[in-house]
Amino acid sequence: MKSQIIERLGQSDILLPSLIAEGLLANNRVKARLSILQAAARHSSEPNAAAFDLTQECRAANLDSMAMEALVSRSGAVAGNMTTAPGLGDLVHAIWDDLEAMIHPIKAADAHEGDLALNRLSAIQTAVPLKGPDTLELAEIIRLTSLSDGSGDSLHRLVMDLHKALNRLSAEHAEEVFAGAHVYGLRQHDRPAMQAFMRGLESTRKLKFDHPGLSTVATQSNERLTIQNDIGETDAHVVVIAVEQDAVTVTYTDVHLARARFFTGLLRDFPVQWSGLDRKSADGLGEGGVFYLVTGRFSTRDDEARDSFLHVVGASLVFLIDWNKARKVLRAWISKADSVQVLDWAAREHVGHRGFLELGGSTFVASAVHNATPTRIGFGERLDGVLGREAARDFLKTVLRISAEALVEGRTVRSARDRIEADLMRRLQRVDATLLAIVVRQSGLAREIAADIAHFVSERLALRPFDQAALTLKAKCIEEKADRIALDARNEIGRFDADRAIERLVNCIEETIDELEQAAFMASLVPEGIATELLTPLARLCASVVEGAEAAAIGTCAVANVPEGHRVDTEDVFASVSRLIQAERDGDDAERAITAATLHGDFELRTALSILELARALERATDRLAGFGHLLRERVLADLSK
């Protein structure tokens with residue numbers, strides 16, 4: 001089928017060496033068959049004469065000697081001048097077929113010479129008609145097996161002339177192995193281009209691993225070097241490269257349209273003029289007999305640019321083997337477009353996908369996912385839905401790279417799986433780190449409200465005016481913003497199926513902000529002229545809340561880095577937890593001091609109630625922050641125990 005495709009592409013040059021070999025084999029067969037025909041005629045005329053031993057002739061021509069001997073021994077004369085034998089008609093038709101096989105390479109090399117030979121054969125066939133299915137005139141057999149008299153033509157003379165032409169072609173297209181390719185008639189100035197292509201092919205050949213393919217044949221004819229590579233085993237998967245003085249032409253066929261487009265994309269760094277991807281058909285191909293054809297022309301007279309292009313073409317071919325299979329496997333984990341993008345990256349980075357398929361493909365990834373995160377990624381769930389699109393693509397790129405490295409370097413499958421599982425865990429931890437960053441942002445908003453309330457108290461201590469309504473409005477806006485952030489965080493936690501401890505942190509800091517927003521509201525109700533003995537402990541209480549919010553942010557940042565194994569981050573988490581607990585104690589002490597001062601003092605009801613409610617809201621915020629600290633401690637201990 002590949003030979004038929006190449007002929008349809010008008011690239012018969014590359015088939016010439018194999019056609020010559022087939023023609024020479026046909027020459028052996030036709031000579032043996034003529035001997036058999038001659039022996040049958042002799043036996044029909046002299047049935048009692050000694051029989052000829054045709055075993056050696058048949059063995060040399062790869063013919064069934066027993067069948068041929070049976071034909072000869074059962075031949076006989078009829079009607080005086082006729083020879084008949086069972087299978088005689090098939091023998092004559094086989095002779096015509098052998099002659100056509102001898103003419104085929106001659107016509108491929110020189111159409112005019114081939115047509116002349118076909119005309120001679122046609123004339124001989126017309127002159128030697130069968131008288132029946134298995135009957136031929138004895139005189140015609142003699143004419144077929146003898147040289148002609150004078151200048152007349154004969155089958156025997158045609159066979160001799162064709163054999164001479166085949167020997168001449170065989171000498172002109174003598175085979176040698178050059179740079180790993182089987183080449184025929186290669187000239188000295190063709191060798192740099194051939195070397196460049198094979199150097200590229202060999203640079204990536206190892207990435208096909210045990211898959212067959214990438215055999216290269218090249219021939220030179222009509223001032224053109226033609227290179228053909230079989231790529232893989234698919235019938236219509238063919239690439240033919242024609243190298244001429246001013247251009248390199250790449251003709252590529254494929255049953256998969258997407259893979260054909262992928263191949264042209266691998267050569268995008270060169271100004272190749274591509275034809276449209278034409279839809280063709282061929283009998284016997286399967287799947288409707290459809291294949292796609294694309295032709296690219298790279299025009300250049302610069303030998304260095306030509307060789308660079310040929311090198312890249314050669315290096316790209318291994319990435320076409322099982323490409324569609326790899327794309328289907330990747331589509332189980334990411335989108336169709338992203339699958340192609342990952343395969344394009346793997347090709348350009350000389351990583352490939354064959355190693356990934358050799359290690360099990362989708363099963364290999366599924367095993368790593370199950371072992372690393374049995375509860376985070378469910379059966380049939382796509383990675384981009386858990387890790388995010390970019391992280392999922394990057395993870396699969398890592399999988400392809402690790403798979404190739406493992407096979408190239410002779411590592412065990414287990415070591416490759418361990419590396420992939422570790423990479424997946426790091427990526428999931430990065431997802432958690434992203435979510436923890438939201439908690440840090442929430443902590444910052446809590447600190448902002450606490451700092452504004454502290455500023456209000458300090459301004460009252462300094463007997464300076466303060467816009468309490470603006471404080472309340474700003475706190476309300478921050479609280480609403482924090483609610484939206486918390487809602488988004490919960491959605492992300494659900495989407496990524498992240499650690500539920502993070503959701504508890506989100507909830508805890510959200511409750512802190514709610515308490516602080518209430519405190520800001522109560523601050524707006526505090527009348528002017530508050531006594532110093534109330535404002536001083538209130539300032540300490542505000543400082544405790546600010547300290548707690550800062551410690552929450554610092555501790556959360558440290559928790560995000562603990563899975564990476566940084567000891568200093570572990571120490572930072574525990575230090576932040578201690579600060580949060582201390583802030584809660586300081587807040588309790590300050591709130592009690594305010595309560596005592598209020599109840600022991602002689603304050604009007606409005607002042608007493610507003611100060612007490614403000615203090616209680618701030619103290620509840622420190623309680624929430626202390627609870628936040630305990631959650632941080634549980635989280636870091638859980639990470640350290642893994």
# chains A, B, ... in the order shown; residues from 1 in each chain; ligands from 1

$ residues_around --residues "His156 of chain A" --least-positions-apart "2" --cutoff "7 Å" --atoms "only C-alpha atoms" --output "ChimeraX atom specification"
/A:144-147,154,158-160

$ residues_around --residues "Thr363 of chain A" --least-positions-apart "3" --cutoff "12 Å" --atoms "only C-alpha atoms" --output "list in words"
Val329, Leu330, Ala332, Trp333, Phe356, Leu357, Glu358, Leu359, Gly360, Ala366, Ser367, Ala368, Val369, His370, Phe379, Gly380 and Arg417 of chain A

$ closest_residue --among "A:Ile231, A:Leu266, A:Val506, A:Ala539" --to "Leu435 of chain A" --atoms "only C-alpha atoms"
A:Val506

$ residues_around --residues "Ile611 of chain A" --least-positions-apart "4" --cutoff "12 Å" --atoms "only C-alpha atoms" --output "PyMOL selection string"
chain A and resi 457+519-528+530-531+533-539+541+591-599+603-607+615-618

$ write_last_selection --atoms "N, CA and C atoms" --output "mmCIF file, in the first residue's frame"
data_model
loop_
_atom_site.group_PDB
_atom_site.id
_atom_site.type_symbol
_atom_site.label_atom_id
_atom_site.label_comp_id
_atom_site.auth_asym_id
_atom_site.auth_seq_id
_atom_site.Cartn_x
_atom_site.Cartn_y
_atom_site.Cartn_z
ATOM 1 N N VAL A 457 -9.337 55.568 68.215
ATOM 2 C CA VAL A 457 -9.087 55.676 69.661
ATOM 3 C C VAL A 457 -7.921 56.621 69.932
ATOM 4 N N ALA A 519 -17.619 46.175 65.655
ATOM 5 C CA ALA A 519 -16.869 47.095 66.527
ATOM 6 C C ALA A 519 -16.797 48.482 65.906
ATOM 7 N N ALA A 520 -16.591 48.549 64.570
ATOM 8 C CA ALA A 520 -16.541 49.853 63.907
ATOM 9 C C ALA A 520 -17.887 50.558 64.021
ATOM 10 N N PHE A 521 -18.972 49.775 63.909
ATOM 11 C CA PHE A 521 -20.291 50.380 64.080
ATOM 12 C C PHE A 521 -20.458 50.950 65.488
ATOM 13 N N MET A 522 -20.033 50.185 66.506
ATOM 14 C CA MET A 522 -20.142 50.667 67.877
ATOM 15 C C MET A 522 -19.263 51.900 68.088
ATOM 16 N N ALA A 523 -18.120 51.949 67.416
ATOM 17 C CA ALA A 523 -17.238 53.122 67.550
ATOM 18 C C ALA A 523 -17.927 54.377 67.043
ATOM 19 N N SER A 524 -18.781 54.200 66.027
ATOM 20 C CA SER A 524 -19.484 55.380 65.493
ATOM 21 C C SER A 524 -20.494 55.936 66.490
ATOM 22 N N LEU A 525 -20.858 55.136 67.510
ATOM 23 C CA LEU A 525 -21.838 55.561 68.507
ATOM 24 C C LEU A 525 -21.196 56.139 69.764
ATOM 25 N N VAL A 526 -19.866 56.035 69.852
ATOM 26 C CA VAL A 526 -19.175 56.544 71.044
ATOM 27 C C VAL A 526 -19.211 58.078 71.023
ATOM 28 N N PRO A 527 -19.718 58.679 72.099
ATOM 29 C CA PRO A 527 -19.782 60.150 72.130
ATOM 30 C C PRO A 527 -18.384 60.753 72.345
ATOM 31 N N GLU A 528 -18.295 62.047 72.135
ATOM 32 C CA GLU A 528 -17.028 62.734 72.372
ATOM 33 C C GLU A 528 -16.800 62.898 73.875
ATOM 34 N N ILE A 530 -14.678 61.152 75.912
ATOM 35 C CA ILE A 530 -14.503 59.933 76.695
ATOM 36 C C ILE A 530 -13.277 60.080 77.585
ATOM 37 N N ALA A 531 -13.407 59.611 78.785
ATOM 38 C CA ALA A 531 -12.320 59.746 79.762
ATOM 39 C C ALA A 531 -11.117 58.912 79.350
ATOM 40 N N GLU A 533 -9.190 57.137 81.228
ATOM 41 C CA GLU A 533 -9.119 55.826 81.864
ATOM 42 C C GLU A 533 -9.893 54.753 81.096
ATOM 43 N N LEU A 534 -10.805 55.205 80.174
ATOM 44 C CA LEU A 534 -11.476 54.240 79.298
ATOM 45 C C LEU A 534 -10.735 54.064 77.977
ATOM 46 N N LEU A 535 -10.210 55.181 77.439
ATOM 47 C CA LEU A 535 -9.554 55.128 76.129
ATOM 48 C C LEU A 535 -8.208 54.401 76.176
ATOM 49 N N THR A 536 -7.510 54.518 77.308
ATOM 50 C CA THR A 536 -6.184 53.882 77.387
ATOM 51 C C THR A 536 -6.263 52.371 77.287
ATOM 52 N N PRO A 537 -7.090 51.666 78.088
ATOM 53 C CA PRO A 537 -7.207 50.205 77.910
ATOM 54 C C PRO A 537 -7.842 49.843 76.569
ATOM 55 N N LEU A 538 -8.704 50.756 76.042
ATOM 56 C CA LEU A 538 -9.300 50.500 74.726
ATOM 57 C C LEU A 538 -8.226 50.513 73.644
ATOM 58 N N ALA A 539 -7.255 51.418 73.787
ATOM 59 C CA ALA A 539 -6.145 51.466 72.830
ATOM 60 C C ALA A 539 -5.326 50.184 72.890
ATOM 61 N N LEU A 541 -6.477 47.256 73.782
ATOM 62 C CA LEU A 541 -7.312 46.216 73.178
ATOM 63 C C LEU A 541 -7.226 46.282 71.655
ATOM 64 N N GLU A 591 -10.033 44.146 77.921
ATOM 65 C CA GLU A 591 -11.497 44.218 77.966
ATOM 66 C C GLU A 591 -11.987 44.231 79.408
ATOM 67 N N ARG A 592 -11.341 43.461 80.312
ATOM 68 C CA ARG A 592 -11.735 43.456 81.718
ATOM 69 C C ARG A 592 -11.413 44.793 82.376
ATOM 70 N N ALA A 593 -10.304 45.362 81.995
ATOM 71 C CA ALA A 593 -9.944 46.679 82.542
ATOM 72 C C ALA A 593 -10.979 47.718 82.140
ATOM 73 N N ILE A 594 -11.434 47.635 80.895
ATOM 74 C CA ILE A 594 -12.460 48.579 80.422
ATOM 75 C C ILE A 594 -13.764 48.341 81.180
ATOM 76 N N THR A 595 -14.139 47.089 81.358
ATOM 77 C CA THR A 595 -15.383 46.770 82.081
ATOM 78 C C THR A 595 -15.317 47.293 83.515
ATOM 79 N N ALA A 596 -14.194 47.046 84.179
ATOM 80 C CA ALA A 596 -14.042 47.504 85.571
ATOM 81 C C ALA A 596 -14.097 49.010 85.653
ATOM 82 N N ALA A 597 -13.375 49.683 84.745
ATOM 83 C CA ALA A 597 -13.353 51.151 84.777
ATOM 84 C C ALA A 597 -14.736 51.705 84.499
ATOM 85 N N THR A 598 -15.456 51.077 83.595
ATOM 86 C CA THR A 598 -16.797 51.564 83.259
ATOM 87 C C THR A 598 -17.750 51.387 84.431
ATOM 88 N N LEU A 599 -17.713 50.247 85.058
ATOM 89 C CA LEU A 599 -18.650 49.972 86.143
ATOM 90 C C LEU A 599 -18.295 50.727 87.422
ATOM 91 N N PHE A 603 -20.211 57.254 84.625
ATOM 92 C CA PHE A 603 -20.401 57.641 83.223
ATOM 93 C C PHE A 603 -21.872 57.569 82.864
ATOM 94 N N GLU A 604 -22.230 58.418 81.938
ATOM 95 C CA GLU A 604 -23.615 58.361 81.479
ATOM 96 C C GLU A 604 -23.841 57.038 80.743
ATOM 97 N N LEU A 605 -25.084 56.637 80.688
ATOM 98 C CA LEU A 605 -25.441 55.320 80.146
ATOM 99 C C LEU A 605 -24.968 55.154 78.704
ATOM 100 N N ARG A 606 -25.142 56.204 77.874
ATOM 101 C CA ARG A 606 -24.758 56.104 76.450
ATOM 102 C C ARG A 606 -23.277 55.810 76.327
ATOM 103 N N THR A 607 -22.473 56.526 77.105
ATOM 104 C CA THR A 607 -21.023 56.342 77.037
ATOM 105 C C THR A 607 -20.641 54.953 77.505
ATOM 106 N N ALA A 615 -15.736 47.329 73.251
ATOM 107 C CA ALA A 615 -14.694 46.477 73.831
ATOM 108 C C ALA A 615 -15.031 45.001 73.671
ATOM 109 N N ARG A 616 -16.305 44.659 73.879
ATOM 110 C CA ARG A 616 -16.693 43.257 73.747
ATOM 111 C C ARG A 616 -16.545 42.756 72.305
ATOM 112 N N ALA A 617 -16.875 43.591 71.321
ATOM 113 C CA ALA A 617 -16.717 43.204 69.910
ATOM 114 C C ALA A 617 -15.241 42.989 69.573
ATOM 115 N N LEU A 618 -14.394 43.901 70.098
ATOM 116 C CA LEU A 618 -12.952 43.749 69.846
ATOM 117 C C LEU A 618 -12.411 42.504 70.539
#

$ closest_atom_pairs --of "segment 415-486 of chain A" --to "segment 391-400 of chain A" --cutoff "12 Å" --atoms "only C-alpha atoms" --output "JSON lines"
{"residue": "A:Ala416", "atom": "CA", "partner": "A:Val399", "partner_atom": "CA", "distance": 8.6}
{"residue": "A:Arg417", "atom": "CA", "partner": "A:Val399", "partner_atom": "CA", "distance": 8.9}
{"residue": "A:Asp418", "atom": "CA", "partner": "A:Val399", "partner_atom": "CA", "distance": 11.0}
{"residue": "A:Arg419", "atom": "CA", "partner": "A:Val399", "partner_atom": "CA", "distance": 8.8}
{"residue": "A:Ile420", "atom": "CA", "partner": "A:Val399", "partner_atom": "CA", "distance": 6.2}
{"residue": "A:Glu421", "atom": "CA", "partner": "A:Val399", "partner_atom": "CA", "distance": 9.6}
{"residue": "A:Ala422", "atom": "CA", "partner": "A:Phe395", "partner_atom": "CA", "distance": 10.9}
{"residue": "A:Asp423", "atom": "CA", "partner": "A:Phe395", "partner_atom": "CA", "distance": 7.4}
{"residue": "A:Leu424", "atom": "CA", "partner": "A:Phe395", "partner_atom": "CA", "distance": 7.0}
{"residue": "A:Met425", "atom": "CA", "partner": "A:Phe395", "partner_atom": "CA", "distance": 10.5}
{"residue": "A:Arg426", "atom": "CA", "partner": "A:Phe395", "partner_atom": "CA", "distance": 10.1}
{"residue": "A:Arg427", "atom": "CA", "partner": "A:Ala391", "partner_atom": "CA", "distance": 7.3}
{"residue": "A:Leu428", "atom": "CA", "partner": "A:Ala391", "partner_atom": "CA", "distance": 9.4}
{"residue": "A:Gln429", "atom": "CA", "partner": "A:Ala391", "partner_atom": "CA", "distance": 11.7}
{"residue": "A:Arg430", "atom": "CA", "partner": "A:Ala391", "partner_atom": "CA", "distance": 9.5}
{"residue": "A:Val431", "atom": "CA", "partner": "A:Ala391", "partner_atom": "CA", "distance": 9.2}

$ residues_around --residues "segment 37-51 of chain A" --least-positions-apart "3" --cutoff "6 Å" --atoms "only C-alpha atoms" --output "list in words"
Leu34, Val72, Ser75, Gly76 and Ala77 of chain A

$ atom_distance --atom1 "atom CA of Asp338 of chain A" --atom2 "atom CA of Asp210 of chain A"
26.9 Å

$ atom_distance --atom1 "atom CA of Phe291 of chain A" --atom2 "atom CA of Val255 of chain A"
4.3 Å

$ select_by_dssp --residues "segment 92-336 of chain A" --states "strand (DSSP E)" --output "PyMOL selection string"
chain A and resi 135-137+175-178+181-184+216-221+224-229+238-243+247-254+273-274+278-281+290-299

$ residues_around --residues "segment 304-313 of chain A" --least-positions-apart "6" --cutoff "8 Å" --atoms "only C-alpha atoms" --output "PyMOL selection string"
chain A and resi 192-193+196-201+247-248+267+270

$ closest_residue --among "A:Cys508, A:Met66, A:Val128, A:Ile241" --to "Ser443 of chain A" --atoms "only C-alpha atoms"
A:Cys508
